[in-house]
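Peer 1: My structure is in target.txt, and what it holds is compact mmCIF, C-alpha atoms and all ligand atoms:
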# COMPACT_ATOMS: atom_id res chain seq x y z
CA MET Y 25 -85.06 27.26 42.17
CA ILE Y 26 -83.40 30.52 43.17
CA PHE Y 27 -80.95 30.45 45.97
CA GLN Y 28 -79.71 33.63 47.57
CA SER Y 29 -76.59 34.03 49.60
CA ARG Y 30 -75.69 37.06 51.76
CA ARG Y 31 -71.98 36.46 51.50
CA GLN Y 32 -69.69 35.94 48.59
CA PRO Y 33 -69.48 32.18 48.31
CA GLU Y 34 -66.39 30.66 46.86
CA ARG Y 35 -66.57 30.54 43.11
CA LEU Y 36 -67.30 26.88 42.51
CA PRO Y 37 -64.81 25.31 40.11
CA GLN Y 38 -66.63 23.70 37.18
CA SER Y 39 -64.74 20.52 37.95
CA TYR Y 40 -66.70 20.16 41.24
CA ILE Y 41 -69.94 20.04 39.30
CA PRO Y 42 -70.94 16.68 37.89
CA THR Y 43 -71.04 16.77 34.09
CA GLN Y 44 -74.84 16.55 33.93
CA PHE Y 45 -75.17 19.79 35.89
CA ARG Y 46 -72.44 21.80 34.21
CA SER Y 47 -74.85 23.45 31.81
CA LEU Y 48 -76.74 24.86 34.80
CA ARG Y 49 -74.37 27.73 35.23
CA GLN Y 50 -73.82 29.86 38.29
CA SER Y 51 -74.55 33.45 37.51
CA ARG Y 52 -72.78 36.18 39.41
CA GLN Y 53 -74.60 39.45 39.20
CA PRO Y 54 -75.46 42.35 41.43
CA ALA Y 55 -78.93 41.98 42.84
CA THR Y 56 -81.20 43.69 45.27
CA ASN Y 57 -80.52 43.06 48.91
CA LEU Y 58 -83.53 41.01 49.91
CA VAL Y 59 -82.14 40.10 53.29
CA GLY Y 60 -83.13 43.17 55.25
CA SER Y 61 -83.08 46.93 55.06
CA GLN Y 62 -80.86 47.20 58.15
CA LEU Y 63 -78.02 45.62 56.24
CA PRO Y 64 -75.81 47.58 53.88
CA MET Y 65 -76.47 46.97 50.23
CA VAL Y 66 -74.26 44.12 49.18
CA LYS Y 67 -73.58 42.37 45.98
CA VAL Y 68 -75.64 39.21 46.26
CA ASP Y 69 -74.73 36.11 44.40
CA ILE Y 70 -77.68 34.43 42.77
CA VAL Y 71 -77.17 30.85 41.93
CA ILE Y 72 -79.83 29.31 39.76
CA PHE Y 73 -79.96 25.59 40.11
CA SER Y 74 -83.23 23.90 39.29
CA GLN Y 75 -81.83 20.72 40.75
CA LEU Y 76 -79.75 22.02 43.64
CA SER Y 77 -81.00 19.29 45.96
CA SER Y 78 -79.76 16.59 43.60
CA LEU Y 79 -76.19 17.83 43.90
CA PRO Y 80 -73.73 16.25 46.33
CA THR Y 81 -73.99 17.74 49.83
CA MET Y 82 -70.56 19.35 49.65
CA ILE Y 83 -71.49 21.24 46.49
CA GLN Y 84 -74.87 22.31 47.88
CA ASN Y 85 -73.25 23.61 51.05
CA THR Y 86 -70.48 25.41 49.20
CA LEU Y 87 -73.14 27.09 47.07
CA ARG Y 88 -75.08 28.01 50.17
CA GLY Y 89 -71.89 29.31 51.80
CA LEU Y 90 -72.71 27.75 55.16
CA ASP Y 91 -70.01 28.26 57.77
CA LEU Y 92 -69.84 25.36 60.16
CA ILE Y 93 -66.65 26.18 62.04
CA THR Y 94 -65.61 29.75 62.83
CA ILE Y 95 -62.17 30.24 64.34
CA ARG Y 96 -61.64 33.83 65.43
CA GLY Y 97 -58.39 35.22 66.88
CA VAL Y 98 -57.55 31.90 68.52
CA THR Y 99 -54.27 31.59 70.42
CA LYS Y 100 -53.03 28.80 72.67
CA THR Y 101 -50.27 29.10 75.24
CA PHE Y 102 -49.12 26.21 77.43
CA GLU Y 103 -47.48 26.72 80.83
CA MET Y 104 -44.60 24.35 81.52
CA GLY Y 105 -43.28 25.23 84.97
CA LYS Y 106 -41.96 28.76 84.54
CA GLU Y 107 -41.86 28.41 80.76
CA ARG Y 108 -44.66 29.51 78.48
CA VAL Y 109 -44.98 27.82 75.10
CA THR Y 110 -47.01 29.65 72.51
CA ALA Y 111 -48.38 26.84 70.37
CA LEU Y 112 -50.78 28.91 68.28
CA ALA Y 113 -50.48 32.56 67.35
CA PRO Y 114 -53.80 34.21 66.40
CA ILE Y 115 -55.60 32.08 63.87
CA ASP Y 116 -58.71 33.08 61.93
CA GLN Y 117 -60.48 30.67 59.66
CA GLN Y 118 -63.96 29.77 58.49
CA ILE Y 119 -64.85 26.32 57.30
CA ASN Y 120 -67.97 25.58 55.30
CA LYS Y 121 -70.21 22.60 55.83
CA GLY Y 122 -69.20 19.60 53.80
CA GLN Y 123 -65.62 20.67 53.13
CA PHE Y 124 -62.69 18.31 53.36
CA VAL Y 125 -59.90 20.39 54.85
CA SER Y 126 -56.35 19.04 54.92
CA ILE Y 127 -54.05 20.69 57.46
CA ILE Y 128 -50.30 20.61 56.96
CA GLY Y 129 -47.37 22.28 58.68
CA PRO Y 130 -44.04 21.41 60.30
CA SER Y 131 -43.85 19.27 63.42
CA GLY Y 132 -44.76 21.22 66.56
CA CYS Y 133 -46.64 24.00 64.74
CA GLY Y 134 -49.87 23.31 66.63
CA LYS Y 135 -51.93 21.14 64.26
CA SER Y 136 -52.99 18.67 66.95
CA THR Y 137 -53.56 21.54 69.36
CA LEU Y 138 -55.90 23.20 66.85
CA LEU Y 139 -57.93 19.98 66.42
CA ARG Y 140 -58.14 19.52 70.20
CA LEU Y 141 -59.41 23.10 70.59
CA ILE Y 142 -62.05 22.56 67.90
CA ALA Y 143 -63.11 19.33 69.63
CA GLY Y 144 -63.37 21.16 72.97
CA LEU Y 145 -60.78 18.82 74.51
CA ASP Y 146 -58.76 21.87 75.54
CA ASP Y 147 -59.55 25.56 76.09
CA VAL Y 148 -58.39 28.42 73.91
CA THR Y 149 -56.15 31.03 75.57
CA GLU Y 150 -57.64 33.87 73.54
CA GLY Y 151 -60.28 34.16 70.83
CA GLU Y 152 -63.17 31.83 70.15
CA ILE Y 153 -64.20 28.80 68.17
CA LYS Y 154 -67.84 28.54 67.18
CA LEU Y 155 -69.48 25.44 65.78
CA ASP Y 156 -72.78 25.97 64.04
CA THR Y 157 -74.20 22.66 65.20
CA LYS Y 158 -77.24 23.69 67.17
CA GLY Y 159 -78.98 20.86 68.97
CA VAL Y 160 -76.28 18.29 68.21
CA LYS Y 161 -75.14 16.67 71.45
CA ARG Y 162 -71.72 15.55 70.27
CA PRO Y 163 -70.82 17.63 67.21
CA VAL Y 164 -67.34 16.21 66.71
CA GLY Y 165 -65.92 12.75 66.12
CA PHE Y 166 -62.15 12.33 66.59
CA VAL Y 167 -59.83 9.83 64.95
CA PHE Y 168 -56.31 9.69 66.39
CA GLN Y 169 -53.05 8.41 64.97
CA ASP Y 170 -53.50 5.20 66.99
CA ALA Y 171 -56.89 3.59 66.78
CA VAL Y 172 -57.20 3.41 70.62
CA LEU Y 173 -59.87 0.72 70.55
CA LEU Y 174 -60.85 -1.02 73.77
CA PRO Y 175 -58.80 -4.24 73.50
CA TRP Y 176 -61.30 -6.48 75.31
CA LYS Y 177 -64.26 -5.41 73.16
CA SER Y 178 -65.14 -6.76 69.72
CA VAL Y 179 -65.29 -4.53 66.64
CA ILE Y 180 -69.05 -4.09 66.89
CA ASP Y 181 -68.90 -3.42 70.64
CA ASN Y 182 -66.16 -0.82 70.13
CA ILE Y 183 -68.17 0.95 67.43
CA ARG Y 184 -71.35 0.82 69.54
CA PHE Y 185 -69.52 2.06 72.64
CA PRO Y 186 -70.31 5.82 72.25
CA LEU Y 187 -73.95 4.89 71.70
CA ASP Y 188 -73.97 2.68 74.82
CA CYS Y 189 -72.50 5.61 76.78
CA ALA Y 190 -75.24 7.87 75.40
CA GLY Y 191 -77.90 5.40 76.59
CA VAL Y 192 -79.02 4.27 73.12
CA LYS Y 193 -80.96 1.00 73.25
CA ARG Y 194 -78.95 -2.10 72.35
CA ALA Y 195 -80.98 -3.03 69.25
CA ALA Y 196 -80.76 0.50 67.79
CA GLY Y 197 -77.05 0.66 68.65
CA ASP Y 198 -76.39 -2.68 66.95
CA LYS Y 199 -78.26 -1.56 63.84
CA ARG Y 200 -76.26 1.66 63.61
CA ALA Y 201 -72.96 -0.15 64.30
CA GLN Y 202 -73.77 -2.69 61.58
CA GLU Y 203 -74.44 0.12 59.06
CA LEU Y 204 -71.09 1.68 59.93
CA ILE Y 205 -69.29 -1.67 59.69
CA GLU Y 206 -70.57 -1.90 56.13
CA LEU Y 207 -69.64 1.72 55.42
CA VAL Y 208 -66.01 1.16 56.45
CA GLY Y 209 -65.74 -2.29 54.83
CA LEU Y 210 -65.41 -4.42 57.96
CA LYS Y 211 -68.29 -6.80 57.26
CA GLY Y 212 -67.42 -10.27 58.53
CA PHE Y 213 -65.19 -8.89 61.32
CA GLU Y 214 -67.95 -7.81 63.71
CA THR Y 215 -66.88 -10.16 66.48
CA ALA Y 216 -63.12 -9.85 65.99
CA LEU Y 217 -61.03 -8.32 68.76
CA PRO Y 218 -58.73 -5.35 67.91
CA LYS Y 219 -55.63 -7.56 68.23
CA GLN Y 220 -57.05 -9.79 65.47
CA LEU Y 221 -57.18 -6.85 63.01
CA SER Y 222 -54.50 -5.30 60.81
CA GLY Y 223 -53.47 -1.67 61.44
CA GLY Y 224 -55.63 -0.46 58.54
CA MET Y 225 -58.64 -2.41 59.79
CA ARG Y 226 -58.20 -0.94 63.27
CA GLN Y 227 -58.26 2.54 61.75
CA ARG Y 228 -61.43 1.65 59.82
CA ALA Y 229 -63.02 0.58 63.11
CA ALA Y 230 -61.85 3.83 64.73
CA ILE Y 231 -63.44 5.86 61.91
CA ALA Y 232 -66.70 3.93 62.31
CA ARG Y 233 -66.66 4.55 66.07
CA ALA Y 234 -66.04 8.28 65.52
CA LEU Y 235 -69.11 8.35 63.24
CA ALA Y 236 -71.31 6.28 65.59
CA ASP Y 237 -73.52 9.07 66.88
CA ASP Y 238 -73.48 10.86 63.55
CA PRO Y 239 -71.42 13.97 64.37
CA PRO Y 240 -71.42 16.53 61.55
CA ILE Y 241 -67.66 17.12 62.00
CA LEU Y 242 -64.92 14.51 61.78
CA LEU Y 243 -61.47 15.50 63.04
CA MET Y 244 -58.60 13.24 62.05
CA ASP Y 245 -55.07 13.61 63.41
CA GLU Y 246 -52.60 11.77 61.14
CA PRO Y 247 -54.97 8.81 60.98
CA PHE Y 248 -53.01 6.82 58.40
CA SER Y 249 -49.42 7.59 59.31
CA ALA Y 250 -48.85 4.18 60.91
CA VAL Y 251 -49.92 2.03 57.95
CA ASP Y 252 -47.95 1.02 54.86
CA LEU Y 253 -48.21 3.12 51.69
CA LEU Y 254 -50.50 0.78 49.77
CA THR Y 255 -52.96 0.45 52.67
CA ARG Y 256 -52.79 4.20 53.14
CA GLU Y 257 -53.81 4.79 49.53
CA THR Y 258 -56.72 2.36 49.90
CA LEU Y 259 -57.80 4.06 53.13
CA ASN Y 260 -57.59 7.45 51.42
CA ASP Y 261 -60.00 6.29 48.71
CA GLU Y 262 -62.32 4.73 51.27
CA LEU Y 263 -62.31 7.93 53.29
CA LEU Y 264 -63.25 9.96 50.22
CA GLN Y 265 -66.17 7.60 49.59
CA ILE Y 266 -67.29 7.90 53.21
CA TRP Y 267 -67.06 11.69 52.97
CA GLN Y 268 -69.10 11.75 49.78
CA ARG Y 269 -71.72 9.35 51.12
CA THR Y 270 -72.14 11.00 54.52
CA GLY Y 271 -71.61 14.70 53.70
CA LYS Y 272 -69.48 15.14 56.84
CA THR Y 273 -67.14 18.07 57.25
CA ILE Y 274 -63.68 16.59 57.64
CA LEU Y 275 -60.50 18.20 58.99
CA LEU Y 276 -57.50 15.96 58.50
CA VAL Y 277 -53.98 16.63 59.75
CA THR Y 278 -51.26 15.01 57.69
CA HIS Y 279 -47.53 15.24 57.10
CA SER Y 280 -47.98 14.06 53.53
CA VAL Y 281 -48.41 16.86 51.01
CA GLU Y 282 -49.58 14.25 48.46
CA GLU Y 283 -52.32 13.05 50.82
CA ALA Y 284 -53.31 16.65 51.64
CA ALA Y 285 -53.70 17.52 47.93
CA TYR Y 286 -55.40 14.26 46.97
CA LEU Y 287 -58.04 14.37 49.72
CA GLY Y 288 -58.72 18.02 50.35
CA THR Y 289 -61.17 20.49 48.90
CA GLN Y 290 -58.99 22.97 50.78
CA VAL Y 291 -55.52 22.81 52.27
CA MET Y 292 -54.61 24.90 55.32
CA VAL Y 293 -50.86 25.49 55.47
CA MET Y 294 -49.44 26.43 58.89
CA THR Y 295 -46.13 28.11 59.75
CA PRO Y 296 -43.53 26.77 62.21
CA ARG Y 297 -44.29 27.37 65.91
CA PRO Y 298 -46.00 29.51 66.99
CA GLY Y 299 -48.42 28.16 64.41
CA ARG Y 300 -50.13 30.70 62.23
CA LEU Y 301 -52.19 30.13 59.15
CA LYS Y 302 -49.81 30.79 56.28
CA LYS Y 303 -52.44 30.28 53.59
CA THR Y 304 -55.52 28.33 52.62
CA ILE Y 305 -55.55 26.85 49.16
CA SER Y 306 -58.76 25.80 47.38
CA VAL Y 307 -58.09 22.54 45.61
CA ASP Y 308 -59.54 22.66 42.13
CA LEU Y 309 -59.18 18.99 41.23
CA PRO Y 310 -62.22 17.12 39.88
CA HIS Y 311 -64.28 14.70 41.97
CA PRO Y 312 -64.47 11.80 42.30
CA ARG Y 313 -60.74 11.61 42.88
CA GLY Y 314 -58.88 8.48 41.86
CA GLU Y 315 -55.88 7.22 39.96
CA GLN Y 316 -56.51 9.83 37.23
CA THR Y 317 -56.06 12.56 39.89
CA LYS Y 318 -52.51 11.38 40.52
CA LEU Y 319 -51.76 11.80 36.81
CA ASP Y 320 -53.28 15.27 36.64
CA PRO Y 321 -50.60 17.98 36.08
CA ASN Y 322 -52.59 20.30 38.37
CA TYR Y 323 -52.23 17.75 41.17
CA HIS Y 324 -48.46 17.69 40.67
CA LYS Y 325 -48.34 21.48 40.57
CA LEU Y 326 -50.23 21.66 43.85
CA VAL Y 327 -48.03 19.04 45.51
CA MET Y 328 -44.96 21.04 44.45
CA GLU Y 329 -46.47 24.28 45.78
CA LEU Y 330 -47.31 22.64 49.13
CA ARG Y 331 -43.83 21.15 49.38
CA GLN Y 332 -42.29 24.59 48.83
CA ASP Y 333 -44.66 26.07 51.41
CA MET Y 334 -43.56 23.44 53.91
CA ARG Y 335 -39.92 24.28 53.23
CA GLY Y 336 -40.72 27.96 53.73
CA LYS Y 337 -39.78 28.85 50.16
CA THR Y 338 -42.89 30.85 49.39
N1 LIG G 401 -50.20 19.65 76.92
C1 LIG G 401 -49.15 20.37 76.53
N2 LIG G 401 -48.34 20.97 77.44
C2 LIG G 401 -47.31 21.74 77.06
N3 LIG G 401 -46.99 21.97 75.77
C3 LIG G 401 -47.74 21.41 74.83
C4 LIG G 401 -48.85 20.58 75.15
N4 LIG G 401 -49.44 20.16 73.99
C5 LIG G 401 -48.70 20.71 73.00
N5 LIG G 401 -47.69 21.45 73.51
C6 LIG G 401 -46.71 22.21 72.73
O1 LIG G 401 -47.41 22.94 71.72
C7 LIG G 401 -46.71 22.92 70.51
C8 LIG G 401 -47.60 22.38 69.42
O2 LIG G 401 -47.86 21.00 69.67
P1 LIG G 401 -48.76 20.11 68.71
O3 LIG G 401 -48.78 18.75 69.28
O4 LIG G 401 -50.06 20.79 68.52
O5 LIG G 401 -47.93 20.17 67.34
P2 LIG G 401 -48.18 19.38 65.98
O6 LIG G 401 -48.20 20.41 64.89
O7 LIG G 401 -49.37 18.51 66.11
O8 LIG G 401 -46.85 18.52 65.87
P3 LIG G 401 -46.64 17.07 65.18
O9 LIG G 401 -46.70 17.31 63.71
O10 LIG G 401 -45.27 16.69 65.63
O11 LIG G 401 -47.70 16.16 65.68
C9 LIG G 401 -45.45 22.09 70.76
O12 LIG G 401 -44.37 22.97 71.00
C10 LIG G 401 -45.76 21.30 71.99
O13 LIG G 401 -44.60 21.07 72.76
MG MG G 402 -49.64 16.43 66.08
Starting from the coordinates I provided, produce the structure as structure tokens.
Peer 2:
Amino acid sequence: MIFQSRRQPERLPQSYIPTQFRSLRQSRQPATNLVGSQLPMVKVDIVIFSQLSSLPTMIQNTLRGLDLITIRGVTKTFEMGKERVTALAPIDQQINKGQFVSIIGPSGCGKSTLLRLIAGLDDVTEGEIKLDTKGVKRPVGFVFQDAVLLPWKSVIDNIRFPLDCAGVKRAAGDKRAQELIELVGLKGFETALPKQLSGGMRQRAAIARALADDPPILLMDEPFSAVDLLTRETLNDELLQIWQRTGKTILLVTHSVEEAAYLGTQVMVMTPRPGRLKKTISVDLPHPRGEQTKLDPNYHKLVMELRQDMRGKT
């Protein structure tokens, strides 16, 4: 199978490619522009993968170079009485389908604001954000720091809630909610009320609810900051499994540089307010991630680099 891309896709680290596919090499060579004569001649990357469709979704999409989220010249200014607060200075970024993007930066630099703008919960002051999610009614699921579940509804009713609001029939909604309960490991707790769950379990329910109507994008704003370290590590691993099984594009805001490095395929580092994008780092750590990742010297190097970035030393 020959796949042609008009743009220069990221060079895929070998470590992203499962061992059985590593011999199927990517070749980078100039080729004829087959896209159209109106376009300038460009160097086209040809990736030969006889079994492209058998690769994990994230790898396929990275190879295809599909932009899902385009952020162009976005600024955000808040009016507070006579004061104007510039939360975001111009930000430009493109995010491919299937990426797991960690976002870090000092408190008040506009991380939550950026997620809210992407979700359409607030309007940009300047610039534009485009989501390539044609035909999808609700392209974004949002997971907040607090699970914000409806306290009088059971786990399954909370997860089914967005589907009920969208008019999905009860039987279909229950089936979908049950699938998600299994995905997030809450089997056996379907009828429990939020107050009967631990903090970690409430966040699992919140993730399931955010995925209920199958949005291609999952935005997460410090989703695990309120749980203890051990639970947080378990939730991190579960989230990676969910990401790999569903192929969602995930943007996760965190204050933990370790979490950012462990989870992300990319890390966006923001500057102090007004938030700008300081840099985007591609994380070249093998998948699946696990305990061995935390022993990898490259992981430690990245954590150190991110820590220095956060302290403004680079
Ligand atoms: N609705 C609002 N009205 C006025 N100012 C706001 C509003 N929302 C955010 N801001 C301001 O925008 C800036 C960025 O806020 P934001 O919550 O996005 O930061 P953050 O990076 O998420 O911080 P933290 O890490 O503490 O959560 C802050 O100075 C904040 O005071
Ligand atoms: Mg925030």
Peer 1: Leaving out range 169-174 of chain Y and any residue of its chain fewer than 6 positions from it, which residues lie within 6 Å of it when counting only C-alpha atoms, given as a list in words?
Peer 2: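 Result of the neighbour search: Arg226, Gln227, Ala230, Asp245, Glu246 and Pro247 of chain Y.
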Peer 1: Give me, please, the distance in Å between atom C9 of ligand LIG 401 (chain G) and CA of Ala232 in chain Y, quoted to one decimal.
Peer 2: 29.2 Å
Peer 1: What's around Gln123 in chain Y at 8 Å? Count only C-alpha atoms, leave out sequence neighbours fewer than 3 positions away in its own chain, and write the answer as a PDB file with C-alpha atoms, in the frame of the given file.
Peer 2:
ATOM      1  CA  MET Y  82     -70.560  19.350  49.650  1.00  0.00           C
ATOM      2  CA  THR Y  86     -70.480  25.410  49.200  1.00  0.00           C
ATOM      3  CA  ILE Y 119     -64.850  26.320  57.300  1.00  0.00           C
ATOM      4  CA  ASN Y 120     -67.970  25.580  55.300  1.00  0.00           C
ATOM      5  CA  LYS Y 272     -69.480  15.140  56.840  1.00  0.00           C
ATOM      6  CA  THR Y 273     -67.140  18.070  57.250  1.00  0.00           C
ATOM      7  CA  ILE Y 274     -63.680  16.590  57.640  1.00  0.00           C
ATOM      8  CA  GLY Y 288     -58.720  18.020  50.350  1.00  0.00           C
ATOM      9  CA  THR Y 289     -61.170  20.490  48.900  1.00  0.00           C
ATOM     10  CA  GLN Y 290     -58.990  22.970  50.780  1.00  0.00           C
TER      11      GLN Y 290
END
Peer 1: Counting only C-alpha atoms and all ligand atoms, what are the residues, protein, DNA or RNA alike, that approach ligand LIG 401 (chain G) to within 6 Å? I want them as a PyMOL selection string.
Peer 2: chain Y and resi 102+104+111+130-137
Peer 1: For range 234-242 of chain Y, what centre and edge lengths in Å (one decimal) does the axis-aligned box get once 8 Å is added on each side of all its listed atoms, as lines of an AutoDock Vina configuration file?
Peer 2:
center_x = -69.2
center_y = 11.7
center_z = 64.2
size_x = 24.6
size_y = 26.8
size_z = 21.3
Peer 1: Considering all atoms listed in the file, state which residue in the set Y:Gly122, Y:Gly336, Y:Gly191, Y:Gly129 is at the smallest distance from ligand MG 402 (chain G).
Peer 2: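 Ranked by minimum distance to ligand MG 402 (chain G), first place goes to Y:Gly129.
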Peer 1: Nearest to ligand MG 402 (chain G) among Y:Gln118, Y:Ser249, Y:Ser222, Y:Thr215, with distances taken over only C-alpha atoms and all ligand atoms: which residue is it?
Peer 2: Y:Ser249
Peer 1: Mind giving me the straight-line distance from CA of Leu221 in chain Y to CA of Arg194 in chain Y in Å, one decimal?
Peer 2: 24.2 Å
Peer 1: Write out as a VMD selection string each polymer residue whose atoms come within 12 Å of Leu253 in chain Y, counting all atoms listed in the file; drop sequence neighbours fewer than 4 positions from it.
Peer 2: chain Y and resid 224 248 to 249 257 to 260 280 282 to 283
Peer 1: What would the file look like if the residues just selected were written as a PDB file, in the frame of the given file with C-alpha atoms?
Peer 2:
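As written to disk, out-v2.pdb reads:
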ATOM      1  CA  GLY Y 224     -55.630  -0.460  58.540  1.00  0.00           C
ATOM      2  CA  PHE Y 248     -53.010   6.820  58.400  1.00  0.00           C
ATOM      3  CA  SER Y 249     -49.420   7.590  59.310  1.00  0.00           C
ATOM      4  CA  GLU Y 257     -53.810   4.790  49.530  1.00  0.00           C
ATOM      5  CA  THR Y 258     -56.720   2.360  49.900  1.00  0.00           C
ATOM      6  CA  LEU Y 259     -57.800   4.060  53.130  1.00  0.00           C
ATOM      7  CA  ASN Y 260     -57.590   7.450  51.420  1.00  0.00           C
ATOM      8  CA  SER Y 280     -47.980  14.060  53.530  1.00  0.00           C
ATOM      9  CA  GLU Y 282     -49.580  14.250  48.460  1.00  0.00           C
ATOM     10  CA  GLU Y 283     -52.320  13.050  50.820  1.00  0.00           C
TER      11      GLU Y 283
END
Peer 1: Tell me, as a PyMOL selection string, which residues lie within 9 Å of Tyr323 in chain Y, counting all atoms listed in the file; anything in the same chain fewer than 2 positions away does not count.
Peer 2: chain Y and resi 282+285-286+307-309+317-321+325-328
Peer 1: Enumerate, as an MDAnalysis selection string, the protein, DNA and RNA residues whose atoms approach (-69.6, 31.3, 63.9) to within 12 Å, taking into account all atoms listed in the file and the coordinate frame of the file.
Peer 2: chainID Y and resid 90:96 116:121 151:158
